[in-house]
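Participant: Next comes upload28.cif, mmCIF, N, CA and C atoms:
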data_model
#
loop_
_atom_site.group_PDB
_atom_site.id
_atom_site.type_symbol
_atom_site.label_atom_id
_atom_site.label_comp_id
_atom_site.auth_asym_id
_atom_site.auth_seq_id
_atom_site.Cartn_x
_atom_site.Cartn_y
_atom_site.Cartn_z
ATOM 1 N N MET T 1 29.487 -32.208 51.530
ATOM 2 C CA MET T 1 30.244 -32.437 52.741
ATOM 3 C C MET T 1 29.845 -31.395 53.778
ATOM 4 N N GLN T 2 29.566 -31.866 54.975
ATOM 5 C CA GLN T 2 29.151 -30.957 56.037
ATOM 6 C C GLN T 2 30.371 -30.479 56.820
ATOM 7 N N HIS T 3 30.303 -29.221 57.228
ATOM 8 C CA HIS T 3 31.386 -28.651 58.036
ATOM 9 C C HIS T 3 30.852 -28.418 59.434
ATOM 10 N N LYS T 4 31.157 -29.346 60.339
ATOM 11 C CA LYS T 4 30.716 -29.220 61.721
ATOM 12 C C LYS T 4 31.827 -28.592 62.552
ATOM 13 N N GLN T 5 31.429 -27.879 63.561
ATOM 14 C CA GLN T 5 32.395 -27.303 64.488
ATOM 15 C C GLN T 5 33.057 -28.428 65.279
ATOM 16 N N ILE T 6 34.348 -28.331 65.404
ATOM 17 C CA ILE T 6 35.077 -29.309 66.205
ATOM 18 C C ILE T 6 35.062 -28.828 67.650
ATOM 19 N N GLY T 7 34.605 -29.692 68.540
ATOM 20 C CA GLY T 7 34.537 -29.344 69.957
ATOM 21 C C GLY T 7 35.896 -29.464 70.628
ATOM 22 N N THR T 8 35.928 -29.152 71.891
ATOM 23 C CA THR T 8 37.178 -29.267 72.645
ATOM 24 C C THR T 8 37.456 -30.739 72.939
ATOM 25 N N VAL T 9 38.716 -31.031 73.060
ATOM 26 C CA VAL T 9 39.122 -32.399 73.333
ATOM 27 C C VAL T 9 39.551 -32.489 74.795
ATOM 28 N N PRO T 10 39.261 -33.605 75.451
ATOM 29 C CA PRO T 10 39.693 -33.739 76.843
ATOM 30 C C PRO T 10 41.222 -33.810 76.935
ATOM 31 N N ASP T 11 41.737 -33.336 78.051
ATOM 32 C CA ASP T 11 43.184 -33.348 78.278
ATOM 33 C C ASP T 11 43.578 -34.685 78.908
ATOM 34 N N PHE T 12 44.293 -35.492 78.157
ATOM 35 C CA PHE T 12 44.690 -36.812 78.635
ATOM 36 C C PHE T 12 46.132 -36.848 79.139
ATOM 37 N N THR T 13 46.700 -35.715 79.464
ATOM 38 C CA THR T 13 48.092 -35.676 79.911
ATOM 39 C C THR T 13 48.273 -36.421 81.233
ATOM 40 N N THR T 14 47.416 -36.130 82.203
ATOM 41 C CA THR T 14 47.555 -36.768 83.515
ATOM 42 C C THR T 14 47.368 -38.282 83.433
ATOM 43 N N PRO T 15 46.308 -38.786 82.786
ATOM 44 C CA PRO T 15 46.198 -40.249 82.676
ATOM 45 C C PRO T 15 47.365 -40.884 81.927
ATOM 46 N N ALA T 16 47.891 -40.206 80.916
ATOM 47 C CA ALA T 16 49.031 -40.758 80.173
ATOM 48 C C ALA T 16 50.269 -40.847 81.063
ATOM 49 N N LEU T 17 50.505 -39.819 81.880
ATOM 50 C CA LEU T 17 51.656 -39.852 82.781
ATOM 51 C C LEU T 17 51.486 -40.913 83.860
ATOM 52 N N ILE T 18 50.269 -41.088 84.358
ATOM 53 C CA ILE T 18 50.011 -42.124 85.362
ATOM 54 C C ILE T 18 50.264 -43.501 84.771
ATOM 55 N N MET T 19 49.777 -43.746 83.552
ATOM 56 C CA MET T 19 49.994 -45.050 82.922
ATOM 57 C C MET T 19 51.472 -45.276 82.611
ATOM 58 N N ALA T 20 52.198 -44.229 82.253
ATOM 59 C CA ALA T 20 53.639 -44.375 82.036
ATOM 60 C C ALA T 20 54.324 -44.801 83.329
ATOM 61 N N GLY T 21 53.912 -44.220 84.448
ATOM 62 C CA GLY T 21 54.475 -44.612 85.744
ATOM 63 C C GLY T 21 54.120 -46.039 86.120
ATOM 64 N N VAL T 22 52.882 -46.444 85.854
ATOM 65 C CA VAL T 22 52.457 -47.818 86.145
ATOM 66 C C VAL T 22 53.263 -48.804 85.298
ATOM 67 N N ASN T 23 53.406 -48.510 84.007
ATOM 68 C CA ASN T 23 54.165 -49.409 83.132
ATOM 69 C C ASN T 23 55.634 -49.477 83.524
ATOM 70 N N LEU T 24 56.219 -48.339 83.874
ATOM 71 C CA LEU T 24 57.612 -48.333 84.301
ATOM 72 C C LEU T 24 57.783 -49.159 85.579
ATOM 73 N N THR T 25 56.817 -49.064 86.477
ATOM 74 C CA THR T 25 56.884 -49.816 87.732
ATOM 75 C C THR T 25 56.852 -51.317 87.480
ATOM 76 N N TRP T 26 55.903 -51.798 86.659
ATOM 77 C CA TRP T 26 55.849 -53.250 86.450
ATOM 78 C C TRP T 26 57.052 -53.750 85.670
ATOM 79 N N ILE T 27 57.592 -52.925 84.787
ATOM 80 C CA ILE T 27 58.798 -53.342 84.065
ATOM 81 C C ILE T 27 59.974 -53.454 85.033
ATOM 82 N N PHE T 28 60.110 -52.488 85.935
ATOM 83 C CA PHE T 28 61.173 -52.562 86.944
ATOM 84 C C PHE T 28 61.008 -53.796 87.827
ATOM 85 N N ILE T 29 59.785 -54.091 88.256
ATOM 86 C CA ILE T 29 59.546 -55.252 89.131
ATOM 87 C C ILE T 29 59.855 -56.546 88.384
ATOM 88 N N ALA T 30 59.441 -56.646 87.122
ATOM 89 C CA ALA T 30 59.717 -57.858 86.342
ATOM 90 C C ALA T 30 61.218 -58.047 86.138
ATOM 91 N N LEU T 31 61.925 -56.969 85.808
ATOM 92 C CA LEU T 31 63.379 -57.068 85.643
ATOM 93 C C LEU T 31 64.069 -57.444 86.947
ATOM 94 N N TRP T 32 63.582 -56.878 88.049
ATOM 95 C CA TRP T 32 64.168 -57.188 89.343
ATOM 96 C C TRP T 32 63.981 -58.665 89.673
ATOM 97 N N ALA T 33 62.782 -59.190 89.373
ATOM 98 C CA ALA T 33 62.517 -60.603 89.656
ATOM 99 C C ALA T 33 63.349 -61.519 88.765
ATOM 100 N N LEU T 34 63.559 -61.130 87.509
ATOM 101 C CA LEU T 34 64.274 -61.992 86.578
ATOM 102 C C LEU T 34 65.788 -61.854 86.667
ATOM 103 N N LEU T 35 66.276 -60.620 86.801
ATOM 104 C CA LEU T 35 67.715 -60.384 86.673
ATOM 105 C C LEU T 35 68.393 -59.842 87.925
ATOM 106 N N GLY T 36 67.632 -59.367 88.887
ATOM 107 C CA GLY T 36 68.227 -58.804 90.085
ATOM 108 C C GLY T 36 68.160 -57.283 90.092
ATOM 109 N N PHE T 37 68.721 -56.704 91.122
ATOM 110 C CA PHE T 37 68.599 -55.262 91.333
ATOM 111 C C PHE T 37 69.523 -54.441 90.441
ATOM 112 N N LEU T 38 70.705 -54.938 90.139
ATOM 113 C CA LEU T 38 71.676 -54.152 89.386
ATOM 114 C C LEU T 38 71.173 -53.743 87.996
ATOM 115 N N PRO T 39 70.577 -54.635 87.200
ATOM 116 C CA PRO T 39 70.053 -54.193 85.903
ATOM 117 C C PRO T 39 68.951 -53.132 86.023
ATOM 118 N N VAL T 40 68.138 -53.245 87.063
ATOM 119 C CA VAL T 40 67.090 -52.241 87.285
ATOM 120 C C VAL T 40 67.722 -50.901 87.616
ATOM 121 N N LEU T 41 68.729 -50.917 88.444
ATOM 122 C CA LEU T 41 69.435 -49.690 88.802
ATOM 123 C C LEU T 41 70.098 -49.060 87.578
ATOM 124 N N LEU T 42 70.725 -49.871 86.749
ATOM 125 C CA LEU T 42 71.373 -49.358 85.546
ATOM 126 C C LEU T 42 70.348 -48.790 84.555
ATOM 127 N N LEU T 43 69.210 -49.460 84.416
ATOM 128 C CA LEU T 43 68.155 -48.954 83.544
ATOM 129 C C LEU T 43 67.619 -47.619 84.070
ATOM 130 N N ALA T 44 67.416 -47.533 85.376
ATOM 131 C CA ALA T 44 66.921 -46.290 85.972
ATOM 132 C C ALA T 44 67.926 -45.151 85.761
ATOM 133 N N LEU T 45 69.203 -45.438 85.939
ATOM 134 C CA LEU T 45 70.223 -44.414 85.722
ATOM 135 C C LEU T 45 70.274 -44.000 84.251
ATOM 136 N N GLY T 46 70.149 -44.973 83.352
ATOM 137 C CA GLY T 46 70.142 -44.660 81.931
ATOM 138 C C GLY T 46 68.939 -43.806 81.537
ATOM 139 N N LEU T 47 67.770 -44.146 82.059
ATOM 140 C CA LEU T 47 66.584 -43.341 81.785
ATOM 141 C C LEU T 47 66.736 -41.926 82.339
ATOM 142 N N ASN T 48 67.312 -41.812 83.530
ATOM 143 C CA ASN T 48 67.518 -40.504 84.136
ATOM 144 C C ASN T 48 68.459 -39.655 83.285
ATOM 145 N N ARG T 49 69.542 -40.263 82.813
ATOM 146 C CA ARG T 49 70.482 -39.518 81.958
ATOM 147 C C ARG T 49 69.828 -39.105 80.650
ATOM 148 N N GLY T 50 69.011 -40.008 80.086
ATOM 149 C CA GLY T 50 68.328 -39.702 78.836
ATOM 150 C C GLY T 50 67.341 -38.558 78.975
ATOM 151 N N VAL T 51 66.580 -38.562 80.044
ATOM 152 C CA VAL T 51 65.620 -37.480 80.274
ATOM 153 C C VAL T 51 66.351 -36.170 80.547
ATOM 154 N N SER T 52 67.429 -36.234 81.308
ATOM 155 C CA SER T 52 68.215 -35.027 81.573
ATOM 156 C C SER T 52 68.815 -34.474 80.279
ATOM 157 N N TRP T 53 69.298 -35.356 79.411
ATOM 158 C CA TRP T 53 69.858 -34.932 78.132
ATOM 159 C C TRP T 53 68.795 -34.250 77.280
ATOM 160 N N LEU T 54 67.592 -34.852 77.237
ATOM 161 C CA LEU T 54 66.501 -34.237 76.477
ATOM 162 C C LEU T 54 66.123 -32.870 77.047
ATOM 163 N N ALA T 55 66.113 -32.747 78.368
ATOM 164 C CA ALA T 55 65.767 -31.456 78.987
ATOM 165 C C ALA T 55 66.806 -30.394 78.646
ATOM 166 N N ARG T 56 68.089 -30.766 78.696
ATOM 167 C CA ARG T 56 69.135 -29.812 78.336
ATOM 168 C C ARG T 56 69.021 -29.413 76.868
ATOM 169 N N ARG T 57 68.731 -30.391 76.017
ATOM 170 C CA ARG T 57 68.634 -30.116 74.588
ATOM 171 C C ARG T 57 67.467 -29.183 74.272
ATOM 172 N N ARG T 58 66.357 -29.344 74.994
ATOM 173 C CA ARG T 58 65.199 -28.486 74.785
ATOM 174 C C ARG T 58 65.344 -27.148 75.484
ATOM 175 N N GLY T 59 66.307 -27.044 76.392
ATOM 176 C CA GLY T 59 66.526 -25.787 77.102
ATOM 177 C C GLY T 59 65.555 -25.560 78.248
ATOM 178 N N VAL T 60 65.092 -26.646 78.841
ATOM 179 C CA VAL T 60 64.127 -26.533 79.953
ATOM 180 C C VAL T 60 64.864 -26.455 81.258
#
Transcribe the structure of this file into structure tokens.
Facilitator:
Amino acid sequence: MQHKQIGTVPDFTTPALIMAGVNLTWIFIALWALLGFLPVLLLALGLNRGVSWLARRRGV
């Protein structure tokens, strides 16, 4: 078995965050088209509370 040096890995944080934003956007648009604005608003508020809860729990 050969032991090769492992090189550095590219940082995919920025592309991952961009794709998360793109996916969240199309999900919001699809929900808005199907169900109206109120469910989108409630989902956004729920996500905001969830992220805030995680930040408090991590102490950030």
Participant: Using CA of Leu31 in chain T and CA of Met19 in chain T as the two end points, give the distance in Å to one decimal.
Facilitator: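 Going from CA of Leu31 in chain T over to CA of Met19 in chain T, I get 18.2 Å.
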Participant: Let me have the centre and edge lengths in Å, one decimal, of the box along x, y and z around every listed atom of range 21-37 of chain T with 3 Å of margin on each side, as JSON.
Facilitator:
{"center_x": 61.0, "center_y": -53.1, "center_z": 87.2, "size_x": 23.1, "size_y": 23.8, "size_z": 14.2}
Participant: Would you work out the distance separating CA of Arg58 in chain T from CA of Leu45 in chain T, expressed in Å to one decimal?
Facilitator: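 Computed distance, CA of Arg58 in chain T to CA of Leu45 in chain T, equals 20.0 Å.
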Participant: So which residues of chain T fall under alpha helix (DSSP H) by DSSP, listed as a ChimeraX atom specification?
Facilitator: /T:13-35,37-58
Participant: State, in Å with one decimal place, the distance from CA of Gly59 in chain T to CA of Gly46 in chain T.
Facilitator: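 Pair CA of Gly59 in chain T / CA of Gly46 in chain T returns 19.8 Å.
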Participant: Using only C-alpha atoms, pick whichever of T:Ala33, T:Ile18, T:Ile6, T:Phe28 has the shortest atom-to-atom distance to Leu47 in chain T.
Facilitator: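 Nearest to Leu47 in chain T: T:Phe28.
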